[in-house]
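S.K.: Below is a structure I'd like to ask you about.
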Amino acid sequence: MTATLPARPLTIMLVCGEPSGDQLGAQLMAGLRTLGGDGLRIIGVGGAAMQAQGLQSLFPLDDTAVMGLREVVPRIPAILRRVHQASDYALAERPDAVVCIDSPDFTHRIARRIKRLAPSIRTVNYVAPQVWASRQYRARKMAHYFDLVLALLPFEAEFFEKHGLHAKFVGHPVIERSRLMTGGDALRARLGIAKESPLLAVLPGSRTSEVRFLLSVFKEAVTRIAHEIPDLVCVLPAVAHVAARIREDAKTWPVPVTVLEGDTDKFAAFDAADVALAASGTVTTELALARTPMVVGYKVGWLTAALMRPFISVTYATLVNVLLGREAVPEFIQERCKPQALAAAVVTLLRDEAARERQVYDLQDATAALGLGGEAPSLRAAQVLLDFARGN
């Protein structure tokens, strides 16, 4: 009698390249586990958050969490090795779907190589690059190596479909973190920060390159703010791989400052802060969920900026502003990202209660547009992904 082989479990491979993608990947994993149960196998590449959900990552994210020409070029050999390692793993494992999460310079290379060598393996992009904002021709190119986009923004699905790439709007999973934006009073008490003390959360980015460009600018801005707000206190939430550098720099700041690590303290800091000074990125949406008024700054290397500028077709960089179609959140990008401009905008928010309240109302409108109050986006994304992987 011939033995019956056990059924192969549905296998999903997730690949991210930096901490913000790791957070989204962890939420997607939780949704997949909820809907897929024990008959689901999840493999791939992730950081601490995805590993906490049970992922055994092929490699750490240190080689891939970089941005900008100056930072990327020296890492190209290491990045390409990781691209081959991840894609070779997919070719060997033959998962039912490979999900590339954010970090297009890294993850899209993996998808392209998989599609070239094994076209039958289904590929999915979760957190697609904002091609509607810059170099729109990339959307048509993506249709050659992705089978599906899980779109985070309400207008993205129609955009990708127009360019020949199947897409489903699932909502932005960052909104699920709204319930985590608590603990501010306890954090102030633990750090000895009085309730009446003006507290500024400073967030110079999660990538090494972001910290290199922004930390000194933000530090000088804080110095200027402190002249106007003498009792200012700062907290600097930091991800693990840049925390040591930030801690060392914080020793010379002109105001009391505490560097925090871990999501619990980060979200508590958002809840505690009166205002935030932040790098553009996912963190601005988290601050919006915490209803924390903010000022946004961002810089890349001059060569990277010069090469990118001709292709940018949107007015704003901050997602809240993109969604609302106006500058509800003051943003200072590249040449405008100067300490004096950042400081003046922060001081206005710290001193003007009406300005803070106006921005809070705008933050509420923007997060509602992302799906806050509806079904959890990670569950919607997980259901669409499971249906797709099963061929439904």
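Residues are referred to by chain and number: the chain letter is A, B, ... according to the order shown in the structure tokens, the number counts from 1 in that chain, and ligands are numbered separately from 1 in the order shown.
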DSSP says alpha helix (DSSP H) for which residues of segment 5-143 of chain A? Put them as a PyMOL selection string?
M.R.: chain A and resi 19-36+48-52+69-93+104-117+138-142
S.K.: I need the chosen residues saved as a PDB file, in the first residue's frame, with C-alpha atoms.
M.R.:
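Output file out14.pdb is given in full below:
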```
ATOM      1  CA  PRO A  19      12.313  48.804  10.655  1.00  0.00           C
ATOM      2  CA  SER A  20       9.133  50.493   9.394  1.00  0.00           C
ATOM      3  CA  GLY A  21       8.483  47.554   7.058  1.00  0.00           C
ATOM      4  CA  ASP A  22       9.245  45.177   9.925  1.00  0.00           C
ATOM      5  CA  GLN A  23       6.427  46.719  11.962  1.00  0.00           C
ATOM      6  CA  LEU A  24       3.971  46.386   9.088  1.00  0.00           C
ATOM      7  CA  GLY A  25       5.154  42.838   8.439  1.00  0.00           C
ATOM      8  CA  ALA A  26       4.545  41.917  12.073  1.00  0.00           C
ATOM      9  CA  GLN A  27       0.979  43.219  11.887  1.00  0.00           C
ATOM     10  CA  LEU A  28       0.398  41.294   8.660  1.00  0.00           C
ATOM     11  CA  MET A  29       1.771  38.140  10.291  1.00  0.00           C
ATOM     12  CA  ALA A  30      -0.646  38.548  13.187  1.00  0.00           C
ATOM     13  CA  GLY A  31      -3.525  38.900  10.717  1.00  0.00           C
ATOM     14  CA  LEU A  32      -2.380  35.858   8.750  1.00  0.00           C
ATOM     15  CA  ARG A  33      -2.134  33.769  11.932  1.00  0.00           C
ATOM     16  CA  THR A  34      -5.621  34.855  12.991  1.00  0.00           C
ATOM     17  CA  LEU A  35      -7.197  33.919   9.665  1.00  0.00           C
ATOM     18  CA  GLY A  36      -4.902  31.126   8.507  1.00  0.00           C
ATOM     19  CA  ALA A  48      12.688  42.183  15.715  1.00  0.00           C
ATOM     20  CA  ALA A  49       8.938  42.793  15.383  1.00  0.00           C
ATOM     21  CA  MET A  50       8.422  40.000  12.834  1.00  0.00           C
ATOM     22  CA  GLN A  51      10.686  37.688  14.789  1.00  0.00           C
ATOM     23  CA  ALA A  52       8.534  38.337  17.850  1.00  0.00           C
ATOM     24  CA  LEU A  69      23.318  57.351  -2.871  1.00  0.00           C
ATOM     25  CA  ARG A  70      26.154  57.994  -0.432  1.00  0.00           C
ATOM     26  CA  GLU A  71      24.821  55.356   1.942  1.00  0.00           C
ATOM     27  CA  VAL A  72      23.649  52.797  -0.603  1.00  0.00           C
ATOM     28  CA  VAL A  73      26.696  52.695  -2.895  1.00  0.00           C
ATOM     29  CA  PRO A  74      29.161  51.236  -0.345  1.00  0.00           C
ATOM     30  CA  ARG A  75      26.533  48.662   0.635  1.00  0.00           C
ATOM     31  CA  ILE A  76      25.658  47.548  -2.900  1.00  0.00           C
ATOM     32  CA  PRO A  77      27.709  44.298  -2.769  1.00  0.00           C
ATOM     33  CA  ALA A  78      26.137  43.334   0.572  1.00  0.00           C
ATOM     34  CA  ILE A  79      22.642  44.307  -0.596  1.00  0.00           C
ATOM     35  CA  LEU A  80      22.997  42.279  -3.781  1.00  0.00           C
ATOM     36  CA  ARG A  81      24.179  39.273  -1.781  1.00  0.00           C
ATOM     37  CA  ARG A  82      21.053  39.560   0.337  1.00  0.00           C
ATOM     38  CA  VAL A  83      18.903  39.899  -2.798  1.00  0.00           C
ATOM     39  CA  HIS A  84      20.347  36.641  -4.145  1.00  0.00           C
ATOM     40  CA  GLN A  85      20.085  34.930  -0.764  1.00  0.00           C
ATOM     41  CA  ALA A  86      16.392  35.814  -0.367  1.00  0.00           C
ATOM     42  CA  SER A  87      15.440  35.045  -3.967  1.00  0.00           C
ATOM     43  CA  ASP A  88      17.392  31.761  -3.965  1.00  0.00           C
ATOM     44  CA  TYR A  89      15.515  30.801  -0.815  1.00  0.00           C
ATOM     45  CA  ALA A  90      12.198  31.547  -2.535  1.00  0.00           C
ATOM     46  CA  LEU A  91      13.250  29.485  -5.559  1.00  0.00           C
ATOM     47  CA  ALA A  92      14.117  26.558  -3.294  1.00  0.00           C
ATOM     48  CA  GLU A  93      11.023  26.791  -1.064  1.00  0.00           C
ATOM     49  CA  PRO A 104      11.623  48.966  -3.058  1.00  0.00           C
ATOM     50  CA  ASP A 105      15.331  49.389  -3.794  1.00  0.00           C
ATOM     51  CA  PHE A 106      15.842  46.075  -2.018  1.00  0.00           C
ATOM     52  CA  THR A 107      12.618  44.080  -2.191  1.00  0.00           C
ATOM     53  CA  HIS A 108      11.767  44.830  -5.822  1.00  0.00           C
ATOM     54  CA  ARG A 109      15.108  43.380  -6.897  1.00  0.00           C
ATOM     55  CA  ILE A 110      14.077  40.162  -5.185  1.00  0.00           C
ATOM     56  CA  ALA A 111      10.705  40.134  -6.953  1.00  0.00           C
ATOM     57  CA  ARG A 112      12.322  40.797 -10.339  1.00  0.00           C
ATOM     58  CA  ARG A 113      14.811  37.967  -9.934  1.00  0.00           C
ATOM     59  CA  ILE A 114      12.127  35.546  -8.759  1.00  0.00           C
ATOM     60  CA  LYS A 115       9.883  36.394 -11.717  1.00  0.00           C
ATOM     61  CA  ARG A 116      12.773  36.046 -14.157  1.00  0.00           C
ATOM     62  CA  LEU A 117      13.810  32.616 -12.869  1.00  0.00           C
ATOM     63  CA  ARG A 138       7.569  52.657 -12.615  1.00  0.00           C
ATOM     64  CA  ALA A 139       3.998  51.434 -12.105  1.00  0.00           C
ATOM     65  CA  ARG A 140       3.936  49.822 -15.553  1.00  0.00           C
ATOM     66  CA  LYS A 141       7.356  48.275 -14.928  1.00  0.00           C
ATOM     67  CA  MET A 142       6.107  46.834 -11.632  1.00  0.00           C
TER      68      MET A 142
END
```
S.K.: Name the residues in contact with segment 224-238 of chain A at a cut-off of 8 Å, using only C-alpha atoms, excluding same-chain residues fewer than 4 positions from it; report them as a JSON list (two decimals) with all heavy atoms, in the first residue's frame.
M.R.:
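Below is the file that was written, out13.json:
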```
[["chain", "number", "residue", "atom", "x", "y", "z"],
["A", 193, "ILE", "N", 9.33, 64.14, 34.68],
["A", 193, "ILE", "CA", 8.95, 65.31, 33.89],
["A", 193, "ILE", "C", 7.60, 65.81, 34.39],
["A", 193, "ILE", "O", 6.61, 65.08, 34.34],
["A", 193, "ILE", "CB", 8.86, 64.97, 32.39],
["A", 193, "ILE", "CG1", 10.20, 64.41, 31.89],
["A", 193, "ILE", "CG2", 8.45, 66.20, 31.58],
["A", 193, "ILE", "CD1", 10.13, 63.82, 30.49],
["A", 197, "SER", "N", 5.51, 70.80, 32.28],
["A", 197, "SER", "CA", 6.73, 71.04, 31.50],
["A", 197, "SER", "C", 6.47, 70.79, 30.02],
["A", 197, "SER", "O", 5.92, 69.74, 29.65],
["A", 197, "SER", "CB", 7.86, 70.12, 31.97],
["A", 197, "SER", "OG", 8.27, 70.43, 33.28],
["A", 198, "PRO", "N", 6.85, 71.72, 29.14],
["A", 198, "PRO", "CA", 6.68, 71.50, 27.70],
["A", 198, "PRO", "C", 7.60, 70.37, 27.22],
["A", 198, "PRO", "O", 8.82, 70.43, 27.41],
["A", 198, "PRO", "CB", 7.06, 72.84, 27.07],
["A", 198, "PRO", "CG", 7.90, 73.52, 28.09],
["A", 198, "PRO", "CD", 7.44, 73.03, 29.43],
["A", 199, "LEU", "N", 7.01, 69.36, 26.64],
["A", 199, "LEU", "CA", 7.76, 68.17, 26.24],
["A", 199, "LEU", "C", 7.75, 68.04, 24.72],
["A", 199, "LEU", "O", 6.68, 68.02, 24.09],
["A", 199, "LEU", "CB", 7.15, 66.92, 26.87],
["A", 199, "LEU", "CG", 7.83, 65.58, 26.55],
["A", 199, "LEU", "CD1", 9.29, 65.58, 26.99],
["A", 199, "LEU", "CD2", 7.08, 64.42, 27.21],
["A", 200, "LEU", "N", 8.94, 67.96, 24.15],
["A", 200, "LEU", "CA", 9.11, 67.82, 22.70],
["A", 200, "LEU", "C", 9.66, 66.43, 22.39],
["A", 200, "LEU", "O", 10.69, 66.04, 22.92],
["A", 200, "LEU", "CB", 10.06, 68.89, 22.18],
["A", 200, "LEU", "CG", 10.40, 68.85, 20.68],
["A", 200, "LEU", "CD1", 9.17, 69.21, 19.85],
["A", 200, "LEU", "CD2", 11.56, 69.79, 20.37],
["A", 201, "ALA", "N", 8.96, 65.68, 21.54],
["A", 201, "ALA", "CA", 9.47, 64.41, 21.04],
["A", 201, "ALA", "C", 10.27, 64.69, 19.77],
["A", 201, "ALA", "O", 9.76, 65.32, 18.84],
["A", 201, "ALA", "CB", 8.33, 63.44, 20.75],
["A", 202, "VAL", "N", 11.51, 64.24, 19.74],
["A", 202, "VAL", "CA", 12.39, 64.47, 18.60],
["A", 202, "VAL", "C", 12.66, 63.13, 17.92],
["A", 202, "VAL", "O", 13.11, 62.18, 18.56],
["A", 202, "VAL", "CB", 13.71, 65.13, 19.04],
["A", 202, "VAL", "CG1", 14.59, 65.43, 17.82],
["A", 202, "VAL", "CG2", 13.43, 66.42, 19.82],
["A", 203, "LEU", "N", 12.38, 63.07, 16.62],
["A", 203, "LEU", "CA", 12.45, 61.79, 15.90],
["A", 203, "LEU", "C", 13.23, 61.98, 14.61],
["A", 203, "LEU", "O", 12.68, 62.30, 13.56],
["A", 203, "LEU", "CB", 11.03, 61.29, 15.62],
["A", 203, "LEU", "CG", 10.22, 61.08, 16.90],
["A", 203, "LEU", "CD1", 8.87, 61.74, 16.80],
["A", 203, "LEU", "CD2", 10.10, 59.61, 17.22],
["A", 205, "GLY", "N", 14.59, 59.91, 12.58],
["A", 205, "GLY", "CA", 14.55, 58.85, 11.57],
["A", 205, "GLY", "C", 15.00, 57.50, 12.10],
["A", 205, "GLY", "O", 15.62, 57.39, 13.16],
["A", 206, "SER", "N", 14.70, 56.46, 11.33],
["A", 206, "SER", "CA", 15.07, 55.09, 11.71],
["A", 206, "SER", "C", 16.23, 54.54, 10.90],
["A", 206, "SER", "O", 16.82, 53.54, 11.27],
["A", 206, "SER", "CB", 13.85, 54.16, 11.56],
["A", 206, "SER", "OG", 13.41, 54.13, 10.20],
["A", 220, "GLU", "N", 20.32, 71.54, 16.53],
["A", 220, "GLU", "CA", 20.43, 72.99, 16.46],
["A", 220, "GLU", "C", 19.05, 73.64, 16.59],
["A", 220, "GLU", "O", 18.91, 74.70, 17.22],
["A", 220, "GLU", "CB", 21.10, 73.40, 15.15],
["A", 220, "GLU", "CG", 21.19, 74.90, 14.92],
["A", 220, "GLU", "CD", 21.95, 75.65, 16.01],
["A", 220, "GLU", "OE1", 22.84, 75.03, 16.65],
["A", 220, "GLU", "OE2", 21.63, 76.84, 16.24],
["A", 242, "VAL", "N", 20.24, 52.53, 15.63],
["A", 242, "VAL", "CA", 20.79, 53.89, 15.66],
["A", 242, "VAL", "C", 20.81, 54.46, 17.07],
["A", 242, "VAL", "O", 21.26, 55.59, 17.28],
["A", 242, "VAL", "CB", 20.00, 54.82, 14.72],
["A", 242, "VAL", "CG1", 20.11, 54.38, 13.28],
["A", 242, "VAL", "CG2", 18.54, 54.92, 15.15],
["A", 243, "ALA", "N", 20.34, 53.70, 18.05],
["A", 243, "ALA", "CA", 20.20, 54.23, 19.42],
["A", 243, "ALA", "C", 21.54, 54.64, 20.02],
["A", 243, "ALA", "O", 21.63, 55.68, 20.70],
["A", 243, "ALA", "CB", 19.50, 53.20, 20.31],
["A", 246, "ILE", "N", 22.62, 58.00, 18.73],
["A", 246, "ILE", "CA", 21.77, 59.06, 19.25],
["A", 246, "ILE", "C", 22.08, 59.33, 20.72],
["A", 246, "ILE", "O", 22.14, 60.48, 21.17],
["A", 246, "ILE", "CB", 20.29, 58.71, 19.03],
["A", 246, "ILE", "CG1", 19.96, 58.78, 17.53],
["A", 246, "ILE", "CG2", 19.38, 59.64, 19.82],
["A", 246, "ILE", "CD1", 18.56, 58.35, 17.17],
["A", 254, "PRO", "N", 21.40, 70.84, 24.63],
["A", 254, "PRO", "CA", 21.30, 71.96, 25.57],
["A", 254, "PRO", "C", 20.13, 71.86, 26.54],
["A", 254, "PRO", "O", 19.93, 72.77, 27.34],
["A", 254, "PRO", "CB", 21.12, 73.16, 24.63],
["A", 254, "PRO", "CG", 20.36, 72.59, 23.47],
["A", 254, "PRO", "CD", 20.90, 71.19, 23.29],
["A", 255, "VAL", "N", 19.34, 70.79, 26.45],
["A", 255, "VAL", "CA", 18.16, 70.64, 27.31],
["A", 255, "VAL", "C", 18.16, 69.22, 27.87],
["A", 255, "VAL", "O", 18.84, 68.34, 27.35],
["A", 255, "VAL", "CB", 16.86, 70.87, 26.51],
["A", 255, "VAL", "CG1", 16.81, 72.27, 25.94],
["A", 255, "VAL", "CG2", 16.71, 69.85, 25.40],
["A", 256, "PRO", "N", 17.40, 68.99, 28.95],
["A", 256, "PRO", "CA", 17.26, 67.62, 29.43],
["A", 256, "PRO", "C", 16.66, 66.73, 28.35],
["A", 256, "PRO", "O", 15.66, 67.07, 27.73],
["A", 256, "PRO", "CB", 16.31, 67.76, 30.62],
["A", 256, "PRO", "CG", 16.41, 69.19, 31.03],
["A", 256, "PRO", "CD", 16.68, 69.96, 29.78],
["A", 257, "VAL", "N", 17.29, 65.59, 28.09],
["A", 257, "VAL", "CA", 16.84, 64.71, 27.01],
["A", 257, "VAL", "C", 17.01, 63.26, 27.44],
["A", 257, "VAL", "O", 18.00, 62.90, 28.08],
["A", 257, "VAL", "CB", 17.60, 64.99, 25.70],
["A", 257, "VAL", "CG1", 19.10, 64.86, 25.88],
["A", 257, "VAL", "CG2", 17.13, 64.10, 24.58],
["A", 258, "THR", "N", 16.02, 62.45, 27.11],
["A", 258, "THR", "CA", 16.08, 61.02, 27.39],
["A", 258, "THR", "C", 15.89, 60.26, 26.09],
["A", 258, "THR", "O", 14.93, 60.51, 25.36],
["A", 258, "THR", "CB", 14.98, 60.60, 28.39],
["A", 258, "THR", "OG1", 15.12, 61.34, 29.59],
["A", 258, "THR", "CG2", 15.08, 59.11, 28.70],
["A", 259, "VAL", "N", 16.82, 59.35, 25.80],
["A", 259, "VAL", "CA", 16.71, 58.48, 24.64],
["A", 259, "VAL", "C", 15.94, 57.23, 25.04],
["A", 259, "VAL", "O", 16.25, 56.60, 26.05],
["A", 259, "VAL", "CB", 18.09, 58.11, 24.07],
["A", 259, "VAL", "CG1", 17.95, 57.18, 22.86],
["A", 259, "VAL", "CG2", 18.86, 59.36, 23.69],
["A", 260, "LEU", "N", 14.90, 56.90, 24.27],
["A", 260, "LEU", "CA", 14.03, 55.78, 24.59],
["A", 260, "LEU", "C", 14.13, 54.72, 23.50],
["A", 260, "LEU", "O", 14.26, 55.05, 22.32],
["A", 260, "LEU", "CB", 12.57, 56.25, 24.70],
["A", 260, "LEU", "CG", 12.28, 57.34, 25.72],
["A", 260, "LEU", "CD1", 10.87, 57.89, 25.52],
["A", 260, "LEU", "CD2", 12.46, 56.82, 27.14],
["A", 261, "GLU", "N", 14.05, 53.47, 23.90],
["A", 261, "GLU", "CA", 14.02, 52.37, 22.94],
["A", 261, "GLU", "C", 12.78, 51.52, 23.18],
["A", 261, "GLU", "O", 12.29, 51.41, 24.31],
["A", 261, "GLU", "CB", 15.28, 51.50, 23.07],
["A", 261, "GLU", "CG", 16.55, 52.16, 22.57],
["A", 261, "GLU", "CD", 17.71, 51.18, 22.53],
["A", 261, "GLU", "OE1", 17.63, 50.18, 21.78],
["A", 261, "GLU", "OE2", 18.70, 51.41, 23.25],
["A", 262, "GLY", "N", 12.30, 50.90, 22.11],
["A", 262, "GLY", "CA", 11.14, 50.02, 22.22],
["A", 262, "GLY", "C", 9.85, 50.73, 21.89],
["A", 262, "GLY", "O", 9.69, 51.93, 22.15],
["A", 265, "ASP", "N", 7.68, 52.49, 24.92],
["A", 265, "ASP", "CA", 8.13, 53.82, 25.32],
["A", 265, "ASP", "C", 7.95, 54.83, 24.19],
["A", 265, "ASP", "O", 7.67, 56.02, 24.45],
["A", 265, "ASP", "CB", 9.59, 53.77, 25.76],
["A", 265, "ASP", "CG", 9.75, 53.36, 27.22],
["A", 265, "ASP", "OD1", 8.72, 53.18, 27.91],
["A", 265, "ASP", "OD2", 10.89, 53.22, 27.69],
["A", 266, "LYS", "N", 8.13, 54.41, 22.96],
["A", 266, "LYS", "CA", 7.95, 55.33, 21.84],
["A", 266, "LYS", "C", 6.52, 55.84, 21.80],
["A", 266, "LYS", "O", 6.28, 57.06, 21.71],
["A", 266, "LYS", "CB", 8.29, 54.64, 20.52],
["A", 266, "LYS", "CG", 8.07, 55.55, 19.29],
["A", 266, "LYS", "CD", 8.41, 54.85, 17.99],
["A", 266, "LYS", "CE", 7.33, 53.90, 17.54],
["A", 266, "LYS", "NZ", 7.54, 53.43, 16.14],
["A", 269, "ALA", "N", 5.78, 58.10, 24.59],
["A", 269, "ALA", "CA", 6.36, 59.42, 24.34],
["A", 269, "ALA", "C", 5.47, 60.26, 23.44],
["A", 269, "ALA", "O", 5.29, 61.47, 23.65],
["A", 269, "ALA", "CB", 7.75, 59.27, 23.72],
["A", 339, "PRO", "N", 17.56, 74.72, 10.79],
["A", 339, "PRO", "CA", 17.21, 74.80, 12.22],
["A", 339, "PRO", "C", 16.29, 75.95, 12.56],
["A", 339, "PRO", "O", 15.35, 75.79, 13.35],
["A", 339, "PRO", "CB", 18.58, 74.95, 12.89],
["A", 339, "PRO", "CG", 19.54, 74.31, 11.95],
["A", 339, "PRO", "CD", 19.01, 74.60, 10.58],
["A", 340, "GLN", "N", 16.55, 77.14, 11.98],
["A", 340, "GLN", "CA", 15.73, 78.29, 12.35],
["A", 340, "GLN", "C", 14.29, 78.14, 11.92],
["A", 340, "GLN", "O", 13.35, 78.53, 12.65],
["A", 340, "GLN", "CB", 16.33, 79.59, 11.79],
["A", 340, "GLN", "CG", 16.50, 79.63, 10.28],
["A", 340, "GLN", "CD", 17.87, 79.15, 9.83],
["A", 340, "GLN", "OE1", 18.44, 78.24, 10.42],
["A", 340, "GLN", "NE2", 18.38, 79.77, 8.77],
["A", 343, "ALA", "N", 12.66, 75.43, 14.18],
["A", 343, "ALA", "CA", 12.47, 75.95, 15.53],
["A", 343, "ALA", "C", 11.29, 76.91, 15.59],
["A", 343, "ALA", "O", 10.46, 76.84, 16.51],
["A", 343, "ALA", "CB", 13.74, 76.66, 16.00],
["A", 344, "ALA", "N", 11.18, 77.79, 14.62],
["A", 344, "ALA", "CA", 10.08, 78.76, 14.63],
["A", 344, "ALA", "C", 8.72, 78.06, 14.57],
["A", 344, "ALA", "O", 7.78, 78.45, 15.27],
["A", 344, "ALA", "CB", 10.24, 79.72, 13.45],
["A", 346, "VAL", "N", 8.03, 74.95, 15.54],
["A", 346, "VAL", "CA", 7.80, 74.23, 16.79],
["A", 346, "VAL", "C", 7.38, 75.20, 17.89],
["A", 346, "VAL", "O", 6.44, 74.93, 18.66],
["A", 346, "VAL", "CB", 9.06, 73.43, 17.22],
["A", 346, "VAL", "CG1", 8.90, 72.91, 18.65],
["A", 346, "VAL", "CG2", 9.30, 72.27, 16.26],
["A", 347, "VAL", "N", 8.06, 76.33, 17.98],
["A", 347, "VAL", "CA", 7.73, 77.32, 19.01],
["A", 347, "VAL", "C", 6.29, 77.80, 18.85],
["A", 347, "VAL", "O", 5.54, 77.96, 19.83],
["A", 347, "VAL", "CB", 8.72, 78.50, 18.97],
["A", 347, "VAL", "CG1", 8.21, 79.67, 19.84],
["A", 347, "VAL", "CG2", 10.09, 78.06, 19.45]]
```
S.K.: Take atom CA of Thr123 of chain A and atom CA of Glu286 of chain A and report the distance between them in Å, one decimal.
M.R.: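 Between atom CA of Thr123 of chain A and atom CA of Glu286 of chain A the gap works out to 28.1 Å.
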S.K.: Rank A:Glu331, A:Val275, A:Ala381, A:Thr284 by their smallest atom-to-atom distance to Arg351 of chain A, using only C-alpha atoms, and report the top residue only.
M.R.: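 Under the stated criterion, the closest residue is A:Val275.
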S.K.: Which residues of segment 168-277 of chain A come within 8 Å of segment 151-159 of chain A, and for each one, what is the closest pair of atoms and their distance in Å to one decimal, counting only C-alpha atoms, sorted by chain and residue number, as a Markdown table?
M.R.:
```
| residue | atom | partner | partner_atom | distance |
| --- | --- | --- | --- | --- |
| A:Lys168 | CA | A:Ala157 | CA | 5.5 |
| A:Phe169 | CA | A:Ala151 | CA | 4.5 |
| A:Val170 | CA | A:Leu152 | CA | 5.9 |
| A:Gly171 | CA | A:Leu152 | CA | 4.6 |
| A:His172 | CA | A:Leu152 | CA | 4.6 |
| A:Pro173 | CA | A:Leu152 | CA | 7.7 |
```
S.K.: Put those residues in a file: N, CA, C and O atoms, as a CSV table (one decimal), in the first residue's frame.
M.R.:
```csv
chain,number,residue,atom,x,y,z
A,168,LYS,N,-5.5,46.0,-4.7
A,168,LYS,CA,-6.7,46.0,-3.8
A,168,LYS,C,-6.4,47.0,-2.7
A,168,LYS,O,-5.3,46.9,-2.1
A,169,PHE,N,-7.3,47.9,-2.4
A,169,PHE,CA,-7.1,48.8,-1.3
A,169,PHE,C,-7.5,48.0,0.0
A,169,PHE,O,-8.6,47.5,0.1
A,170,VAL,N,-6.5,48.0,0.9
A,170,VAL,CA,-6.8,47.3,2.2
A,170,VAL,C,-6.7,48.2,3.4
A,170,VAL,O,-7.1,47.8,4.5
A,171,GLY,N,-6.3,49.5,3.2
A,171,GLY,CA,-6.2,50.4,4.3
A,171,GLY,C,-4.8,50.4,4.9
A,171,GLY,O,-4.0,49.5,4.6
A,172,HIS,N,-4.4,51.4,5.6
A,172,HIS,CA,-3.1,51.6,6.2
A,172,HIS,C,-3.0,50.9,7.5
A,172,HIS,O,-3.6,51.3,8.5
A,173,PRO,N,-2.2,49.8,7.7
A,173,PRO,CA,-2.1,49.1,8.9
A,173,PRO,C,-1.6,49.9,10.1
A,173,PRO,O,-1.8,49.6,11.3
```
S.K.: Rounded to one decimal place, report the atom CA of Leu385 of chain A-atom CA of Ala143 of chain A distance in Å.
M.R.: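 Between atom CA of Leu385 of chain A and atom CA of Ala143 of chain A the gap works out to 17.2 Å.
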S.K.: Take atom CA of His166 of chain A and atom CA of Val384 of chain A and report the distance between them in Å, one decimal.
M.R.: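 For atom CA of His166 of chain A relative to atom CA of Val384 of chain A, the distance reads 12.1 Å.
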S.K.: Using only C-alpha atoms, pick whichever of A:Met294, A:Ala244, A:Ile333, A:Ala278 has the shortest atom-to-atom distance to Ala355 of chain A.
M.R.: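 When distances to Ala355 of chain A are compared using only C-alpha atoms, the smallest one comes from A:Met294.
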S.K.: Given the choices A:Val15, A:Val98, A:Tyr137, A:Glu327, which gets closest to Ser120 of chain A if the distance is worked out from only C-alpha atoms?
M.R.: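 Smallest separation from Ser120 of chain A among the options: A:Val98.
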S.K.: Residues of segment 220-351 of chain A classed as strand (DSSP E) by DSSP on the backbone are to be reported as a list of chain:residue names.
M.R.: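 Selecting the strand (DSSP E) positions of segment 220-351 of chain A gives A:Val233, A:Cys234, A:Val235, A:Leu236, A:Pro237, A:Ala238, A:Val257, A:Thr258, A:Val259, A:Leu260, A:Glu261, A:Val275, A:Ala276, A:Leu277, A:Ala278, A:Ala279, A:Met294, A:Val295, A:Val296, A:Gly297, A:Tyr298, A:Glu331, A:Phe332, A:Ile333.
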S.K.: Which residue out of A:Val131, A:Arg190, A:Thr367, A:Pro293 has the minimum interatomic distance to Leu323 of chain A when only C-alpha atoms are used?
M.R.: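 Closest to Leu323 of chain A of all the choices is A:Thr367.
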